[in-house]
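Here's the structure, in structure tokens; my notes come after.
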Amino acid sequence: MASTGPTTQRFARTAQAARSERAQKVAKWVFGAMALAMVAPLIGIVTYLLYRAWPSLGWEFLVDLPRKGMREGGIWPAFVGTLYLVTISLAVAAPIGVLAAIYLNEYARDNWFNRLINLAVINLAGVPSIVHALFGLGAFVYAAQFGFSILSASLTLAIMTLPVIIASTREALASVPRAFREACWNVGATRWQTIRAVVLPNSISGILTGIILQVSRAAGETAPIMFTGAVFYKAVQRGDLFPYRLGDQCMALSMHLYTVSTQVPNVKESIPYATAIVLLGSVLLVNATAIAARVFMRRRKRW
Amino acid sequence: MSAVPLTPGGAAAERRPTRSTLSLLGERVIEALIKLSGVSAVIFVVAIFFFIFREAAPVLWSKDFHILEFLFSTEWYPTSVSNVRYGTLALTVGTLSVTAVAIVLAVPFGLGAAIFVSEFCSPKLKETLKIVIELLAAIPSVVWGFVGLTVMSKIIVTLTGTAVGVNLLNGGVILALMSVPIIVSIGEDALRAVPDSYREAAVALGATRWQTVYRVLLPAAKNGLLAAVLLGVGRAVGETMAVLMATGHAVHIPDGLLNSVRTLTANVAAELGEAPAGSSHYRVLFLTGVLLFWITMVVNVAADLVVRGIRRK
């Protein structure tokens, strides 16, 4: 940076310096505008959806059943269905994901086999959601004969969201300094004892954040459950918290949004918007919780 | 376990009088579980391929199916009574064109935003922007699809005067919005990975921020930035719900931005429900899945190799 202060005499501001400063300013504004172009849609979309959804939003919309062929009423069966799918997929994916991350971070040496595992995790994250749907249909619905059910859909979701948990847990484990482990090994603890007594307690909050992110991902997915267990409509009791069994099909929020916005004609106008807001709101709320937890933890961290 | 110093257990693993056999056994079991889970990702990837291929395979040998027609014909008439055709070229072109539109829009904005976040803004603004990026990445694809269907299609109809708002352009813009967060966060990682000494050296030579960015940082981080773009492409190719809802439903090769198209993914989502299990149509849809599996695998492995390239240096 040229030419400020009393030394201006000796370091005169040349034409070239002026040019490069101008370029610097332009660059800053252009990139700033690009960053802004990224923020604007988020705010714009949420505001617009909220505005259009307003007439329908409310407690009644959440706990009421869809009425008149889903043209009026609420979203209770879909909301509960999503809770079911998320909970069961979480119960499957969380232990496997956390253990896999422990293996990759604590046990695995750098050899071809573990590189293969890494590659598999990356691939699992990159496989399109519709391919997961095909897999769920072929493996769980037909081959394992679970049928079109909550179980098949949850298992499909679990495998799809596994990489989310693995990646964030690994990051949490890797942030525990190696010296902590060495200290523990040196008093004679085995690898597993070290993990249980030192590594996990020091990374548990990071692991939980990762699990929260899995919840948000699982809640939003549509394609993988569309052909494995989610249905357009399923009658349940109003406000019933446990209307489904494992072998039943269920409704789901994401699927419901797809249905009311594309498959059903003459839906009351604000209903798809309100469904979108409930889905988007839950997902963003869950993510915001994870972010807040992470910021809080980083402040508290002592190393 | 080895007896090298600084690894756990030590040489005395055999004589450890203070631990019960139960706890020793417990440790064995949990370590076996850990190893099993570690391998699970490989098992799942192989299983995904196996089960999809298993459903698709019989059609490969059936007489009304030709692999060349599948790959290179634009005629997709899966439910026709007299003239069944399974040509996916129009769908592949649909996927490619939507991805291309998305990438053309997303790459400059994504990389620009990554540079701004990494190099030009204050720490506080950086924190905020990163949170926004994370929230943006969390928006479910069906919500994006809904936005395309309602908001974006209206905008496109108003701006261009076309009759139908769900088309190639709409899908491309929505996919761009979905890929930008990935490109930004991975691109930002890549820029952060450039050592600070590079920046210091550039500043010491009298370079401005911008000169530092395009003369020093971009060349140094080019692999990571390329990986960011590739992962953005991967996301765009594999996206299903958003393109299903936002691109319209015409199976043909588009000749303009305002044409409706259908992608490979959207095609499976749209037709799988109607194809009777075990029919040729059903199996061809699974074969499309196999194709998608390989496409995304190649893209992701390429991105990984590119990233690994930087680490090795």
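In the structure tokens, the first chain shown is A, the next is B, and so on; residue numbers restart at 1 for each chain, and ligands run from 1 in the order shown.
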
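Using only C-alpha atoms, the contacts of Thr162 in chain B at a cut-off of 12 Å, with sequence neighbours closer than 3 positions omitted, comprise B:Ser153, B:Lys154, B:Ile155, B:Ile156, B:Val157, B:Thr158, B:Leu159, B:Gly165, B:Val166, B:Asn167, B:Leu169, B:Asn170, B:Gly256, B:Leu257, B:Leu258, B:Asn259, B:Ser260.
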
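Of all the residues in range 44-274 of chain B, the ones DSSP labels as strand (DSSP E or B) from the backbone are Trp76, Tyr77, Arg85 and Tyr86 of chain B.
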
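CA of Ala228 in chain B is positioned 14.4 Å from CA of Thr296 in chain B.
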
Kindly assemble as JSON lines a list of the chain A residues that lie within 7 Å of chain B, each paired with its nearest atom pair and their distance in Å to one decimal, using only C-alpha atoms, sorted first by chain and then by ascending residue number.
{"residue": "A:Met1", "atom": "CA", "partner": "B:Gly206", "partner_atom": "CA", "distance": 5.7}
{"residue": "A:Glu21", "atom": "CA", "partner": "B:Thr208", "partner_atom": "CA", "distance": 6.9}
{"residue": "A:Gln24", "atom": "CA", "partner": "B:Trp210", "partner_atom": "CA", "distance": 5.0}
{"residue": "A:Ala27", "atom": "CA", "partner": "B:Trp210", "partner_atom": "CA", "distance": 6.4}
{"residue": "A:Lys28", "atom": "CA", "partner": "B:Phe120", "partner_atom": "CA", "distance": 6.5}
{"residue": "A:Phe31", "atom": "CA", "partner": "B:Gly112", "partner_atom": "CA", "distance": 5.0}
{"residue": "A:Gly32", "atom": "CA", "partner": "B:Phe116", "partner_atom": "CA", "distance": 5.9}
{"residue": "A:Met34", "atom": "CA", "partner": "B:Phe109", "partner_atom": "CA", "distance": 5.3}
{"residue": "A:Ala35", "atom": "CA", "partner": "B:Ala113", "partner_atom": "CA", "distance": 4.3}
{"residue": "A:Val39", "atom": "CA", "partner": "B:Val132", "partner_atom": "CA", "distance": 6.6}
{"residue": "A:Leu42", "atom": "CA", "partner": "B:Leu136", "partner_atom": "CA", "distance": 6.4}
{"residue": "A:Ile96", "atom": "CA", "partner": "B:Ser37", "partner_atom": "CA", "distance": 5.4}
{"residue": "A:Leu99", "atom": "CA", "partner": "B:Ile34", "partner_atom": "CA", "distance": 5.0}
{"residue": "A:Ala100", "atom": "CA", "partner": "B:Gly38", "partner_atom": "CA", "distance": 4.0}
{"residue": "A:Ile102", "atom": "CA", "partner": "B:Ile34", "partner_atom": "CA", "distance": 7.0}
{"residue": "A:Tyr103", "atom": "CA", "partner": "B:Gly38", "partner_atom": "CA", "distance": 5.4}
{"residue": "A:Leu104", "atom": "CA", "partner": "B:Gly38", "partner_atom": "CA", "distance": 6.5}
{"residue": "A:Ile117", "atom": "CA", "partner": "B:Val42", "partner_atom": "CA", "distance": 5.8}
{"residue": "A:Ala120", "atom": "CA", "partner": "B:Val42", "partner_atom": "CA", "distance": 5.2}
{"residue": "A:Val121", "atom": "CA", "partner": "B:Ala41", "partner_atom": "CA", "distance": 5.6}
{"residue": "A:Asn123", "atom": "CA", "partner": "B:Met297", "partner_atom": "CA", "distance": 6.0}
{"residue": "A:Leu124", "atom": "CA", "partner": "B:Val45", "partner_atom": "CA", "distance": 6.2}
{"residue": "A:Gly126", "atom": "CA", "partner": "B:Thr296", "partner_atom": "CA", "distance": 6.4}
{"residue": "A:Val127", "atom": "CA", "partner": "B:Phe293", "partner_atom": "CA", "distance": 6.2}
{"residue": "A:Pro128", "atom": "CA", "partner": "B:Gly238", "partner_atom": "CA", "distance": 4.2}
{"residue": "A:Ser129", "atom": "CA", "partner": "B:Thr240", "partner_atom": "CA", "distance": 6.8}
{"residue": "A:Ile130", "atom": "CA", "partner": "B:Thr265", "partner_atom": "CA", "distance": 6.4}
{"residue": "A:Val131", "atom": "CA", "partner": "B:Gly289", "partner_atom": "CA", "distance": 5.4}
{"residue": "A:Leu134", "atom": "CA", "partner": "B:Ile52", "partner_atom": "CA", "distance": 6.4}
{"residue": "A:Phe135", "atom": "CA", "partner": "B:Ile48", "partner_atom": "CA", "distance": 5.4}
{"residue": "A:Gly138", "atom": "CA", "partner": "B:Phe51", "partner_atom": "CA", "distance": 5.7}
{"residue": "A:Ala139", "atom": "CA", "partner": "B:Phe51", "partner_atom": "CA", "distance": 5.8}
{"residue": "A:Glu182", "atom": "CA", "partner": "B:Leu6", "partner_atom": "CA", "distance": 6.4}
{"residue": "A:Trp185", "atom": "CA", "partner": "B:Pro8", "partner_atom": "CA", "distance": 4.7}
{"residue": "A:Asn186", "atom": "CA", "partner": "B:Leu6", "partner_atom": "CA", "distance": 6.8}
{"residue": "A:Gly188", "atom": "CA", "partner": "B:Gly9", "partner_atom": "CA", "distance": 6.0}
{"residue": "A:Ala189", "atom": "CA", "partner": "B:Gly9", "partner_atom": "CA", "distance": 6.0}
{"residue": "A:Thr190", "atom": "CA", "partner": "B:Gly9", "partner_atom": "CA", "distance": 4.4}
{"residue": "A:Arg191", "atom": "CA", "partner": "B:Pro8", "partner_atom": "CA", "distance": 5.3}
{"residue": "A:Trp192", "atom": "CA", "partner": "B:Glu27", "partner_atom": "CA", "distance": 6.8}
{"residue": "A:Gly220", "atom": "CA", "partner": "B:Pro140", "partner_atom": "CA", "distance": 4.7}
{"residue": "A:Glu221", "atom": "CA", "partner": "B:Pro140", "partner_atom": "CA", "distance": 6.5}
{"residue": "A:Thr222", "atom": "CA", "partner": "B:Val142", "partner_atom": "CA", "distance": 6.7}
{"residue": "A:Ala223", "atom": "CA", "partner": "B:Met241", "partner_atom": "CA", "distance": 6.6}
{"residue": "A:Phe227", "atom": "CA", "partner": "B:Gly273", "partner_atom": "CA", "distance": 6.9}
{"residue": "A:Ser254", "atom": "CA", "partner": "B:Val142", "partner_atom": "CA", "distance": 6.5}
{"residue": "A:Tyr258", "atom": "CA", "partner": "B:Val142", "partner_atom": "CA", "distance": 6.7}
{"residue": "A:Ala276", "atom": "CA", "partner": "B:Val143", "partner_atom": "CA", "distance": 6.2}
{"residue": "A:Leu280", "atom": "CA", "partner": "B:Ile139", "partner_atom": "CA", "distance": 6.5}
{"residue": "A:Leu284", "atom": "CA", "partner": "B:Leu135", "partner_atom": "CA", "distance": 6.4}
{"residue": "A:Asn287", "atom": "CA", "partner": "B:Leu135", "partner_atom": "CA", "distance": 6.8}

Per DSSP on the backbone, what are the alpha helix (DSSP H) residues of range 66-275 of chain A, as a PyMOL selection string?
chain A and resi 76-102+112-126+129-136+150-174+178-186+191-194+200-220+223-226+253-258+270-275

Which residues of range 218-286 of chain A have any atom within 10 Å of an atom in range 199-214 of chain A when counting only C-alpha atoms, and what is the closest pair of atoms for each, with the distance in Å to one decimal? Order the rows by chain and rising number and write it as JSON lines.
{"residue": "A:Ala218", "atom": "CA", "partner": "A:Gln214", "partner_atom": "CA", "distance": 6.0}
{"residue": "A:Ala219", "atom": "CA", "partner": "A:Gln214", "partner_atom": "CA", "distance": 8.5}
{"residue": "A:Val283", "atom": "CA", "partner": "A:Leu213", "partner_atom": "CA", "distance": 9.0}
{"residue": "A:Val286", "atom": "CA", "partner": "A:Ile212", "partner_atom": "CA", "distance": 6.7}

Spatial neighbours of Val194 in chain B, 8 Å, only C-alpha atoms, chain gap at least 2 places, as a PyMOL selection string
chain B and resi 190-192+196+198+217+220-221

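The list of residues with at least one atom within 9 Å of range 85-89 of chain A, based on only C-alpha atoms and without residues fewer than 3 positions apart in the same chain, reads Val80, Gly81, Thr82, Val92, Ala93, Ala94, Ile150, Leu151, Ala153, Ser154, Leu155, Thr156, Leu157, Ala158, Ile159, Thr161, Gln214, Val215, Ser216, Ala218, Ala219, Ile225, Cys250 and Ala252 of chain A.
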
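Counting only C-alpha atoms, the residue from A:Ala108, A:Val231, A:Leu83, A:Leu162 that sits nearest to His256 in chain A is A:Val231.
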
Measuring between only C-alpha atoms, which one of A:Ser270, A:Val164, A:Phe148, A:Gly281 shows the shortest distance to Ala230 in chain A?
A:Phe148

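Take CA of Arg52 in chain A and CA of Met178 in chain B: the distance between them is 22.3 Å.
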